[in-house]
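One file, input-v3.tsv, carrying TSV, C-alpha atoms:
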```tsv
chain	number	residue	atom	x	y	z
A	1	MET	CA	42.74	28.34	63.30
A	2	THR	CA	39.91	28.14	65.84
A	3	ASN	CA	39.37	25.15	68.10
A	4	TYR	CA	36.33	24.30	65.99
A	5	GLU	CA	38.39	24.36	62.76
A	6	LEU	CA	41.20	22.44	64.42
A	7	PHE	CA	38.83	19.59	65.23
A	8	TYR	CA	37.72	19.12	61.61
A	9	SER	CA	41.26	19.58	60.33
A	10	ARG	CA	42.37	16.76	62.60
A	11	LEU	CA	39.67	14.45	61.26
A	12	GLN	CA	40.52	15.31	57.64
A	13	LYS	CA	44.22	14.65	58.22
A	14	ASP	CA	43.53	11.26	59.76
A	15	LEU	CA	41.22	10.24	56.90
A	16	SER	CA	43.77	11.38	54.29
A	17	THR	CA	46.46	9.30	55.94
A	18	ARG	CA	44.20	6.27	55.95
A	19	ARG	CA	43.52	6.68	52.23
A	20	GLU	CA	47.23	7.02	51.45
A	21	ASN	CA	48.01	3.83	53.37
A	22	ASN	CA	45.12	1.80	51.90
A	23	LEU	CA	43.47	1.64	55.31
A	24	TYR	CA	40.40	3.77	54.58
A	25	ARG	CA	37.07	2.04	55.21
A	26	GLU	CA	33.61	2.85	53.97
A	27	THR	CA	30.20	1.25	54.16
A	28	ARG	CA	29.21	-0.14	50.77
A	29	LEU	CA	25.78	-1.41	49.79
A	30	SER	CA	25.89	-5.13	49.10
A	31	PRO	CA	23.89	-5.75	45.93
A	32	GLU	CA	21.93	-8.92	45.27
A	33	GLY	CA	23.28	-11.43	42.80
A	34	LEU	CA	26.91	-11.54	43.91
A	35	ILE	CA	28.52	-14.80	45.03
A	36	ASP	CA	28.94	-13.88	48.67
A	37	LEU	CA	32.21	-15.01	50.25
A	38	SER	CA	32.22	-12.29	52.91
A	39	SER	CA	29.34	-13.02	55.27
A	40	ASN	CA	29.27	-15.27	58.33
A	41	ASP	CA	25.95	-16.85	57.33
A	42	TYR	CA	27.73	-20.18	57.02
A	43	LEU	CA	24.64	-22.38	56.67
A	44	GLN	CA	22.50	-19.87	54.76
A	45	LEU	CA	19.85	-19.86	57.47
A	46	ARG	CA	19.28	-16.11	57.38
A	47	THR	CA	16.70	-16.58	54.61
A	48	HIS	CA	15.50	-20.09	55.47
A	49	PRO	CA	11.69	-20.28	55.54
A	50	ALA	CA	11.61	-21.85	59.02
A	51	VAL	CA	13.88	-19.13	60.42
A	52	LEU	CA	11.77	-16.39	58.85
A	53	GLU	CA	8.65	-18.04	60.25
A	54	GLY	CA	10.21	-18.14	63.72
A	55	ALA	CA	10.94	-14.42	63.47
A	56	ARG	CA	7.41	-13.69	62.21
A	57	LYS	CA	5.68	-15.59	65.00
A	58	ALA	CA	7.77	-13.95	67.70
A	59	THR	CA	7.11	-10.51	66.23
A	60	GLU	CA	3.36	-11.05	66.00
A	61	THR	CA	3.26	-12.37	69.57
A	62	TYR	CA	5.63	-9.99	71.35
A	63	GLY	CA	6.05	-6.98	69.04
A	64	ALA	CA	8.78	-5.50	66.89
A	65	GLY	CA	10.96	-4.59	69.88
A	66	SER	CA	11.36	-5.81	73.43
A	67	GLY	CA	10.40	-2.38	74.77
A	68	ALA	CA	12.72	-2.33	77.79
A	69	SER	CA	15.91	-3.62	79.33
A	70	PRO	CA	15.85	-7.29	80.42
A	71	LEU	CA	15.64	-6.45	84.14
A	72	LEU	CA	12.46	-4.44	83.57
A	73	THR	CA	10.00	-5.93	81.07
A	74	GLY	CA	12.28	-6.63	78.10
A	75	PHE	CA	12.85	-10.32	78.88
A	76	LYS	CA	9.96	-12.10	77.13
A	77	PRO	CA	8.92	-15.77	76.97
A	78	CYS	CA	10.60	-16.01	73.54
A	79	HIS	CA	13.92	-15.06	75.15
A	80	GLN	CA	13.48	-17.68	77.88
A	81	ALA	CA	12.59	-20.32	75.29
A	82	LEU	CA	15.71	-19.48	73.28
A	83	LEU	CA	17.94	-19.53	76.34
A	84	ASP	CA	16.53	-22.90	77.43
A	85	LYS	CA	17.19	-24.32	73.97
A	86	ILE	CA	20.78	-23.04	73.93
A	87	LEU	CA	21.49	-24.50	77.38
A	88	ALA	CA	20.09	-27.91	76.41
A	89	TRP	CA	21.99	-27.86	73.11
A	90	LYS	CA	25.30	-26.88	74.69
A	91	SER	CA	24.82	-28.98	77.86
A	92	LYS	CA	25.21	-26.00	80.20
A	93	LYS	CA	23.08	-25.10	83.21
A	94	PHE	CA	22.91	-21.30	83.35
A	95	GLY	CA	23.04	-18.47	80.83
A	96	MET	CA	22.04	-15.03	79.65
A	97	LEU	CA	21.47	-13.30	76.30
A	98	PHE	CA	23.06	-10.12	74.93
A	99	ASN	CA	22.26	-7.87	72.00
A	100	THR	CA	25.61	-8.52	70.27
A	101	GLY	CA	28.69	-10.67	70.61
A	102	PHE	CA	30.76	-7.51	71.11
A	103	MET	CA	28.62	-6.60	74.13
A	104	ALA	CA	28.82	-10.13	75.52
A	105	ASN	CA	32.63	-10.18	75.36
A	106	GLN	CA	32.85	-6.67	76.77
A	107	ALA	CA	30.62	-7.64	79.69
A	108	VAL	CA	32.56	-10.80	80.54
A	109	PHE	CA	36.00	-9.20	80.44
A	110	SER	CA	35.01	-5.91	82.03
A	111	HIS	CA	33.43	-7.50	85.10
A	112	LEU	CA	34.61	-11.04	85.88
A	113	PRO	CA	38.40	-10.44	86.24
A	114	GLN	CA	39.46	-8.31	89.22
A	115	LYS	CA	42.60	-6.26	89.96
A	116	ASN	CA	44.57	-9.12	91.56
A	117	ASP	CA	43.85	-11.52	88.68
A	118	LEU	CA	45.72	-12.37	85.48
A	119	ILE	CA	44.29	-12.96	82.02
A	120	LEU	CA	46.27	-15.08	79.56
A	121	ALA	CA	44.88	-14.57	76.07
A	122	ASP	CA	45.75	-15.97	72.67
A	123	ARG	CA	47.55	-13.26	70.70
A	124	LEU	CA	44.86	-13.23	68.01
A	125	ILE	CA	41.78	-12.86	70.18
A	126	HIS	CA	38.90	-10.86	68.72
A	127	HIS	CA	38.97	-7.06	68.84
A	128	SER	CA	35.97	-7.01	71.19
A	129	ILE	CA	38.07	-8.83	73.80
A	130	ALA	CA	41.36	-7.06	73.09
A	131	GLN	CA	39.80	-3.59	73.28
A	132	THR	CA	38.22	-4.37	76.63
A	133	LEU	CA	41.47	-5.75	78.05
A	134	ASN	CA	43.47	-2.78	76.77
A	135	HIS	CA	41.21	-0.47	78.80
A	136	SER	CA	41.16	-2.71	81.85
A	137	LYS	CA	43.21	-2.34	85.02
A	138	VAL	CA	43.51	-6.12	85.20
A	139	ARG	CA	46.91	-7.48	84.17
A	140	PHE	CA	46.89	-9.54	81.00
A	141	LYS	CA	49.44	-11.20	78.75
A	142	ARG	CA	49.11	-12.62	75.27
A	143	TYR	CA	50.60	-16.01	74.56
A	144	LEU	CA	51.75	-16.87	71.03
A	145	HIS	CA	48.92	-17.85	68.72
A	146	LEU	CA	47.85	-21.48	69.35
A	147	ASP	CA	51.13	-22.06	71.23
A	148	LEU	CA	49.98	-24.01	74.29
A	149	GLU	CA	53.56	-24.69	75.35
A	150	HIS	CA	54.04	-20.93	75.67
A	151	LEU	CA	50.77	-20.76	77.59
A	152	GLU	CA	51.98	-23.42	80.01
A	153	ARG	CA	55.23	-21.57	80.61
A	154	GLU	CA	53.19	-18.52	81.56
A	155	LEU	CA	50.91	-20.60	83.79
A	156	LYS	CA	53.90	-21.94	85.70
A	157	LYS	CA	54.99	-18.39	86.57
A	158	THR	CA	51.66	-17.03	87.78
A	159	GLN	CA	51.04	-15.87	91.36
A	160	TYR	CA	47.62	-14.25	91.23
A	161	ASP	CA	44.27	-14.67	92.95
A	162	THR	CA	42.67	-16.07	89.80
A	163	VAL	CA	44.04	-16.84	86.34
A	164	PHE	CA	41.77	-16.65	83.31
A	165	VAL	CA	42.67	-18.27	79.99
A	166	VAL	CA	40.78	-17.06	76.93
A	167	THR	CA	40.80	-18.26	73.35
A	168	GLU	CA	38.50	-18.42	70.38
A	169	SER	CA	37.54	-21.81	69.01
A	170	ILE	CA	37.67	-20.98	65.28
A	171	PHE	CA	39.69	-17.79	64.85
A	172	SER	CA	37.74	-15.34	62.76
A	173	MET	CA	40.58	-14.03	60.57
A	174	ASP	CA	42.89	-17.07	60.39
A	175	GLY	CA	40.29	-19.84	60.31
A	176	ASP	CA	42.47	-22.08	62.49
A	177	TYR	CA	41.83	-23.37	66.00
A	178	PRO	CA	43.60	-24.53	69.17
A	179	ASP	CA	43.90	-28.06	70.51
A	180	LEU	CA	41.04	-27.83	72.99
A	181	LYS	CA	41.81	-31.29	74.43
A	182	HIS	CA	45.30	-30.06	75.35
A	183	LEU	CA	43.77	-26.93	76.86
A	184	ALA	CA	41.43	-29.08	78.96
A	185	LYS	CA	44.44	-30.99	80.33
A	186	LEU	CA	46.15	-27.70	81.20
A	187	LYS	CA	43.01	-26.62	83.03
A	188	GLU	CA	43.03	-29.82	85.07
A	189	LYS	CA	46.69	-29.23	85.94
A	190	TYR	CA	46.63	-25.50	86.70
A	191	GLY	CA	43.03	-24.79	87.69
A	192	PHE	CA	42.46	-21.63	85.66
A	193	VAL	CA	39.08	-20.20	84.65
A	194	TRP	CA	38.60	-21.13	80.98
A	195	ILE	CA	36.70	-18.72	78.73
A	196	LEU	CA	35.96	-19.90	75.18
A	197	ASP	CA	34.54	-17.75	72.38
A	198	GLU	CA	32.67	-20.16	70.07
A	199	ALA	CA	31.35	-17.52	67.66
A	200	HIS	CA	32.67	-19.15	64.48
A	201	GLY	CA	32.57	-22.79	65.58
A	202	VAL	CA	28.83	-23.01	66.15
A	203	GLY	CA	26.89	-24.62	63.31
A	204	VAL	CA	30.00	-25.95	61.59
A	205	TYR	CA	31.67	-28.18	64.19
A	206	GLY	CA	30.32	-30.85	66.53
A	207	ALA	CA	27.92	-33.78	66.13
A	208	SER	CA	24.94	-31.49	66.71
A	209	GLY	CA	26.65	-28.33	65.41
A	210	ALA	CA	27.15	-26.98	68.94
A	211	GLY	CA	30.76	-26.03	68.19
A	212	LEU	CA	34.38	-27.08	68.46
A	213	ALA	CA	34.12	-27.81	72.19
A	214	GLU	CA	31.44	-30.39	71.38
A	215	GLU	CA	33.55	-31.89	68.59
A	216	MET	CA	36.56	-32.26	70.89
A	217	GLY	CA	34.48	-33.44	73.85
A	218	VAL	CA	35.60	-30.72	76.29
A	219	GLY	CA	32.46	-28.62	76.74
A	220	SER	CA	32.07	-29.61	80.39
A	221	MET	CA	35.54	-28.23	81.14
A	222	VAL	CA	34.79	-24.73	79.84
A	223	ASP	CA	33.83	-22.31	82.62
A	224	VAL	CA	32.40	-19.54	80.43
A	225	MET	CA	31.28	-20.13	76.85
A	226	ILE	CA	30.39	-17.20	74.61
A	227	GLY	CA	28.61	-17.52	71.29
A	228	THR	CA	26.68	-15.49	68.77
A	229	LEU	CA	23.30	-15.81	67.10
A	230	GLY	CA	24.30	-13.73	64.08
A	231	LYS	CA	26.65	-16.08	62.24
A	232	ALA	CA	25.70	-19.68	61.47
A	233	LEU	CA	22.34	-19.19	63.23
A	234	GLY	CA	21.41	-16.41	60.81
A	235	SER	CA	19.92	-14.07	63.40
A	236	MET	CA	21.38	-11.44	65.74
A	237	GLY	CA	22.52	-11.39	69.36
A	238	ALA	CA	24.74	-13.46	71.64
A	239	TYR	CA	24.81	-15.60	74.75
A	240	VAL	CA	27.04	-16.29	77.74
A	241	ILE	CA	26.59	-19.71	79.36
A	242	SER	CA	28.18	-21.58	82.25
A	243	ASP	CA	27.70	-24.44	84.67
A	244	ARG	CA	28.12	-22.05	87.59
A	245	SER	CA	25.18	-19.88	88.57
A	246	GLU	CA	27.49	-17.39	90.31
A	247	ILE	CA	28.94	-16.27	86.97
A	248	ILE	CA	25.56	-15.51	85.40
A	249	GLU	CA	24.17	-13.94	88.58
A	250	PHE	CA	27.24	-11.73	88.97
A	251	LEU	CA	27.06	-10.51	85.35
A	252	THR	CA	23.32	-9.90	85.70
A	253	ASN	CA	24.06	-7.65	88.67
A	254	THR	CA	27.16	-5.85	87.34
A	255	ALA	CA	27.22	-5.78	83.52
A	256	GLY	CA	25.90	-2.43	82.29
A	257	GLU	CA	25.92	-3.89	78.78
A	258	TYR	CA	23.03	-6.09	79.97
A	259	ILE	CA	21.37	-3.93	82.62
A	260	PHE	CA	21.06	-0.67	80.69
A	261	SER	CA	20.33	-1.81	77.11
A	262	THR	CA	16.91	-2.22	75.56
A	263	PHE	CA	16.86	-5.98	75.09
A	264	LEU	CA	17.15	-8.17	72.03
A	265	CYS	CA	14.16	-7.86	69.69
A	266	PRO	CA	11.73	-10.82	69.75
A	267	SER	CA	12.20	-11.55	66.04
A	268	ALA	CA	15.92	-12.26	66.61
A	269	ALA	CA	15.10	-14.66	69.45
A	270	GLY	CA	12.44	-16.43	67.40
A	271	ALA	CA	14.70	-16.74	64.38
A	272	ALA	CA	17.60	-18.16	66.40
A	273	HIS	CA	15.29	-20.63	68.16
A	274	SER	CA	14.21	-22.07	64.80
A	275	ALA	CA	17.75	-22.00	63.43
A	276	ILE	CA	19.09	-24.20	66.23
A	277	ASP	CA	16.57	-26.91	65.34
A	278	LEU	CA	17.75	-26.77	61.71
A	279	VAL	CA	21.42	-26.96	62.69
A	280	ILE	CA	20.88	-29.98	64.92
A	281	ALA	CA	18.88	-31.81	62.23
A	282	ASP	CA	21.25	-31.26	59.29
A	283	SER	CA	24.73	-32.65	59.88
A	284	ASP	CA	25.20	-33.24	56.14
A	285	LYS	CA	25.23	-29.51	55.48
A	286	ARG	CA	28.18	-28.80	57.80
A	287	HIS	CA	30.09	-31.85	56.61
A	288	SER	CA	29.63	-30.70	53.01
A	289	LEU	CA	30.79	-27.19	53.92
A	290	ARG	CA	34.06	-28.46	55.37
A	291	GLU	CA	34.62	-30.73	52.37
A	292	LYS	CA	34.19	-27.75	50.03
A	293	SER	CA	36.67	-25.82	52.14
A	294	LEU	CA	39.29	-28.55	51.70
A	295	VAL	CA	38.75	-28.67	47.92
A	296	LEU	CA	39.17	-24.90	47.60
A	297	ARG	CA	42.17	-24.82	49.93
A	298	GLN	CA	44.02	-27.57	48.09
A	299	ALA	CA	43.46	-25.91	44.72
A	300	LEU	CA	44.63	-22.48	45.93
A	301	VAL	CA	47.76	-23.93	47.53
A	302	LYS	CA	48.53	-25.73	44.28
A	303	MET	CA	48.32	-22.36	42.47
A	304	GLY	CA	50.90	-20.96	44.86
A	305	TYR	CA	48.72	-18.85	47.17
A	306	ASN	CA	49.80	-18.50	50.79
A	307	LEU	CA	47.10	-20.01	53.02
A	308	ILE	CA	46.88	-20.63	56.76
A	309	GLU	CA	46.46	-24.36	57.30
A	310	SER	CA	43.09	-25.50	58.64
A	311	ASP	CA	39.91	-27.31	57.60
A	312	SER	CA	37.48	-24.60	58.61
A	313	GLN	CA	35.03	-22.60	56.49
A	314	ILE	CA	37.23	-19.49	56.84
A	315	ILE	CA	40.00	-19.42	54.21
A	316	PRO	CA	42.51	-16.55	54.52
A	317	ILE	CA	44.88	-15.85	51.63
A	318	VAL	CA	47.79	-13.94	53.13
A	319	LEU	CA	49.11	-11.24	50.76
A	320	ASN	CA	51.20	-9.05	53.12
A	321	ASP	CA	50.13	-5.90	51.27
A	322	ALA	CA	47.05	-3.76	51.95
A	323	GLY	CA	46.99	-2.30	48.44
A	324	GLN	CA	47.06	-5.71	46.82
A	325	ALA	CA	44.29	-6.95	49.11
A	326	LEU	CA	42.08	-4.03	48.00
A	327	ARG	CA	42.92	-4.52	44.32
A	328	MET	CA	42.10	-8.22	44.46
A	329	SER	CA	38.88	-7.58	46.35
A	330	ASP	CA	37.82	-5.03	43.69
A	331	TYR	CA	38.81	-7.46	40.93
A	332	PHE	CA	36.54	-10.18	42.29
A	333	TYR	CA	33.75	-7.70	42.99
A	334	ASP	CA	33.80	-6.64	39.33
A	335	GLU	CA	33.51	-10.33	38.42
A	336	GLY	CA	30.47	-10.78	40.63
A	337	ILE	CA	32.14	-12.23	43.74
A	338	GLN	CA	32.31	-10.46	47.09
A	339	ILE	CA	35.49	-11.22	49.09
A	340	GLY	CA	36.65	-9.14	52.02
A	341	ALA	CA	40.02	-7.33	52.02
A	342	ILE	CA	41.29	-7.60	55.60
A	343	ARG	CA	43.79	-4.97	56.74
A	344	PHE	CA	45.30	-3.42	59.84
A	345	PRO	CA	44.12	-3.17	62.59
A	346	THR	CA	41.89	-6.20	61.98
A	347	VAL	CA	45.10	-8.14	61.29
A	348	PRO	CA	48.71	-7.10	62.06
A	349	LYS	CA	50.59	-4.97	59.55
A	350	GLY	CA	52.29	-7.23	57.04
A	351	LYS	CA	49.56	-9.87	57.38
A	352	GLU	CA	46.98	-8.28	55.07
A	353	ARG	CA	44.80	-10.79	53.29
A	354	LEU	CA	41.71	-11.79	51.40
A	355	ARG	CA	39.30	-13.66	53.65
A	356	LEU	CA	37.06	-16.19	51.93
A	357	SER	CA	34.10	-17.06	54.13
A	358	LEU	CA	32.44	-20.12	52.66
A	359	HIS	CA	28.81	-21.08	53.04
A	360	SER	CA	26.94	-24.33	52.51
A	361	ALA	CA	25.01	-23.19	49.42
A	362	ILE	CA	28.08	-22.54	47.30
A	363	SER	CA	27.99	-24.91	44.33
A	364	THR	CA	30.68	-26.94	42.60
A	365	GLU	CA	30.17	-24.74	39.54
A	366	GLN	CA	30.70	-21.57	41.59
A	367	ILE	CA	33.86	-23.01	43.14
A	368	SER	CA	35.13	-23.69	39.63
A	369	ILE	CA	34.42	-20.06	38.61
A	370	ILE	CA	36.20	-18.76	41.71
A	371	LEU	CA	39.27	-20.90	41.10
A	372	LYS	CA	39.48	-19.84	37.44
A	373	LEU	CA	39.48	-16.20	38.53
A	374	PHE	CA	42.24	-16.86	41.08
A	375	GLN	CA	44.25	-18.58	38.35
A	376	LYS	CA	43.66	-15.63	36.01
A	377	TRP	CA	44.86	-13.18	38.67
A	378	LYS	CA	47.94	-15.31	39.31
A	379	SER	CA	48.84	-15.32	35.64
A	380	LYS	CA	48.68	-11.48	35.56
A	381	THR	CA	51.08	-10.98	38.49
```

Same coordinates, now as structure tokens:
Amino acid sequence: MTNYELFYSRLQKDLSTRRENNLYRETRLSPEGLIDLSSNDYLQLRTHPAVLEGARKATETYGAGSGASPLLTGFKPCHQALLDKILAWKSKKFGMLFNTGFMANQAVFSHLPQKNDLILADRLIHHSIAQTLNHSKVRFKRYLHLDLEHLERELKKTQYDTVFVVTESIFSMDGDYPDLKHLAKLKEKYGFVWILDEAHGVGVYGASGAGLAEEMGVGSMVDVMIGTLGKALGSMGAYVISDRSEIIEFLTNTAGEYIFSTFLCPSAAGAAHSAIDLVIADSDKRHSLREKSLVLRQALVKMGYNLIESDSQIIPIVLNDAGQALRMSDYFYDEGIQIGAIRFPTVPKGKERLRLSLHSAISTEQISIILKLFQKWKSKT
């Protein structure tokens, strides 16, 4: 076998193994008309007329693309306007935009921690953070998920130049969240640099929808806050904000993810700008979303499904079997409902699940249909 043939043989073997273990992934067209319980468009703003109008105006004014990296001519007035709105909304002083949340996390964790530092990260941090840390020369440890007593034990042992503590607010696959007030007290006691990923909290939590840090009143304690524009805000892109100018200036000067990428398209900035106004103005929508989550959770628990306790819009049903997760996902798809089957490495082996991602437009009638199908599946197994 030639080296050329060996390469393709290796790929084929890997793909075959993935299929055998129910871990094979493929991109599938999402047809219209399904009840969508897979997206992160929690407030259904992606198609809101005001959001579309914001995207249209920005496109007509500044073009379809930004045309350059942000340090050349890619940073347009629409980007500045969006950044100013985010900073006012989140009560932070300095910030920068990125093309994706993955890039934002990669930039923060590739450049801020140095070789004599320590990163303490929740065990279930997002892949974008974990991948970066796994390739980093900086020492890091994972503390048990949401276990702040374990975190404090680790903090007591540290002897490093700087200690970073990182957690998500709403965890993307479990739908639960840490006690941010307790974390704020630990920060006061131990003086670590606190990095909070608010990707899934924005739009759903807080008096103005600014996120879980707002709801728990600890936003001023967070050193670096990361969030996305592509979930509840219905657009695309991300931001990194802080009360310290040094953090933003340092990333602007060191993060290749920012320096060498053609910048966020104007339409995304315009859409997100309009979406923030809608989020701030409509607290009823997020309250209703969380109420619907509680109704669905209580009914599924009563049926005997294994759920992770929370009140968030993300409802994971833990099945512990990749094959069953795929079969159930296909079953619901055939019934007109799109629910994601979550498998390794997105979640640990043995923790495979269905992940229901609720949105504000789901109706009482649709919830009833969904619950009847879950009851039907339960009666078959």

Å distance separating atom CA of A:Asn22 from atom CA of A:Asp174, one decimal place |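 Distance between the two atoms: 20.8 Å.
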
Leaving out A:Asp223 and any residue of its chain fewer than 3 positions from it, which residues lie within 12 Å of it when counting all atoms listed in the file, given as a ChimeraX atom specification?
-> /A:92-95,108,112,164-166,184,187,191-197,213,218-220,226,240-248

A:Tyr331 surroundings by only C-alpha atoms, 12 Å radius, close-in-sequence under 6 positions cut, as a list in words =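 What passes the distance filter is Gln324, Ala325, Ile337, Gln338, Ile339, Gly340, Ala341, Leu354, Ile370, Leu373, Phe374, Lys376, Trp377 and Lys380 of chain A.
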
For each of A:Leu294, A:Leu82, A:Ile119, A:Met103, take the minimum atom-to-atom distance to A:Gly256, counting all atoms listed in the file, then give the residue where this is smallest.
-> A:Met103

Of the residues A:Pro113, A:Gly336, A:Gly217, A:Gly270, which is the one nearest to A:Tyr160, using all atoms listed in the file?
->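 Going through A:Pro113, A:Gly336, A:Gly217, A:Gly270 one by one, the smallest distance to A:Tyr160 is for A:Pro113.
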
A straight line from atom CA of A:Thr162 to atom CA of A:His200 spans 27.4 Å

Under the rule of at most 12 Å, produce a per-residue listing of stretch 95-207 of chain A near stretch 65-80 of chain A: chain, number, name, the closest pair of atoms, and the distance in Å, as CSV, using only C-alpha atoms.
```
residue,atom,partner,partner_atom,distance
A:Gly95,CA,A:Gln80,CA,10.0
A:Met96,CA,A:Gln80,CA,9.1
A:Leu97,CA,A:His79,CA,7.8
A:Phe98,CA,A:Pro70,CA,9.5
A:Asn99,CA,A:Ser69,CA,10.6
```

Do you have the atom CA of A:Gly54-atom CA of A:Ala269 distance handy?
->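 If I compute the distance from atom CA of A:Gly54 to atom CA of A:Ala269, I get 8.3 Å.
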
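Nearest residue to A:Thr381 among A:Tyr333, A:Ser368, A:Tyr205, A:Met328 is A:Met328, counting only C-alpha atoms.
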
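In terms of minimum interatomic distance to A:Leu264, A:Tyr62 ranks closest within A:Phe109, A:Tyr177, A:Tyr62, A:Tyr143, counting only C-alpha atoms.
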
So, counting all atoms listed in the file, which residue among A:Ala268, A:Leu356, A:Leu120, A:Ile259 is closest to A:Leu233?
->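 The shortest atom-to-atom distance to A:Leu233 comes from A:Ala268.
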
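Each of A:Gln313, A:Asn134, A:Thr228, A:Ser208 was compared to A:Ser288 using all atoms listed in the file, and A:Gln313 turns out to be the nearest.
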
Show which residues sit within 10 Å of A:Lys115, as a PyMOL selection string. Count only C-alpha atoms, and ignore same-chain residues fewer than 2 positions away.
-> chain A and resi 113+117-118+136-139+160-162

Completion step: stretch 245-259 of chain A with N, CA and C atoms as a CSV table (one decimal), keeping the file's coordinate frame:
```csv
chain,number,residue,atom,x,y,z
A,245,SER,N,26.2,-20.9,88.5
A,245,SER,CA,25.2,-19.9,88.6
A,245,SER,C,25.8,-18.6,89.0
A,246,GLU,N,26.9,-18.6,89.8
A,246,GLU,CA,27.5,-17.4,90.3
A,246,GLU,C,28.0,-16.5,89.2
A,247,ILE,N,28.4,-17.1,88.1
A,247,ILE,CA,28.9,-16.3,87.0
A,247,ILE,C,27.8,-15.5,86.3
A,248,ILE,N,26.7,-16.2,86.1
A,248,ILE,CA,25.6,-15.5,85.4
A,248,ILE,C,24.9,-14.5,86.3
A,249,GLU,N,24.8,-14.9,87.6
A,249,GLU,CA,24.2,-13.9,88.6
A,249,GLU,C,25.0,-12.7,88.8
A,250,PHE,N,26.3,-12.9,88.8
A,250,PHE,CA,27.2,-11.7,89.0
A,250,PHE,C,27.2,-10.8,87.8
A,251,LEU,N,27.2,-11.3,86.6
A,251,LEU,CA,27.1,-10.5,85.4
A,251,LEU,C,25.7,-9.8,85.3
A,252,THR,N,24.7,-10.5,85.7
A,252,THR,CA,23.3,-9.9,85.7
A,252,THR,C,23.3,-8.7,86.6
A,253,ASN,N,24.1,-8.7,87.7
A,253,ASN,CA,24.1,-7.6,88.7
A,253,ASN,C,25.1,-6.6,88.4
A,254,THR,N,26.1,-6.8,87.5
A,254,THR,CA,27.2,-5.8,87.3
A,254,THR,C,27.3,-5.3,85.9
A,255,ALA,N,26.9,-6.1,84.9
A,255,ALA,CA,27.2,-5.8,83.5
A,255,ALA,C,26.2,-4.7,83.0
A,256,GLY,N,26.7,-3.5,82.9
A,256,GLY,CA,25.9,-2.4,82.3
A,256,GLY,C,25.5,-2.7,80.9
A,257,GLU,N,26.3,-3.5,80.2
A,257,GLU,CA,25.9,-3.9,78.8
A,257,GLU,C,24.6,-4.6,78.8
A,258,TYR,N,24.3,-5.3,79.8
A,258,TYR,CA,23.0,-6.1,80.0
A,258,TYR,C,21.9,-5.3,80.7
A,259,ILE,N,22.3,-4.6,81.8
A,259,ILE,CA,21.4,-3.9,82.6
A,259,ILE,C,20.7,-2.7,81.9
```
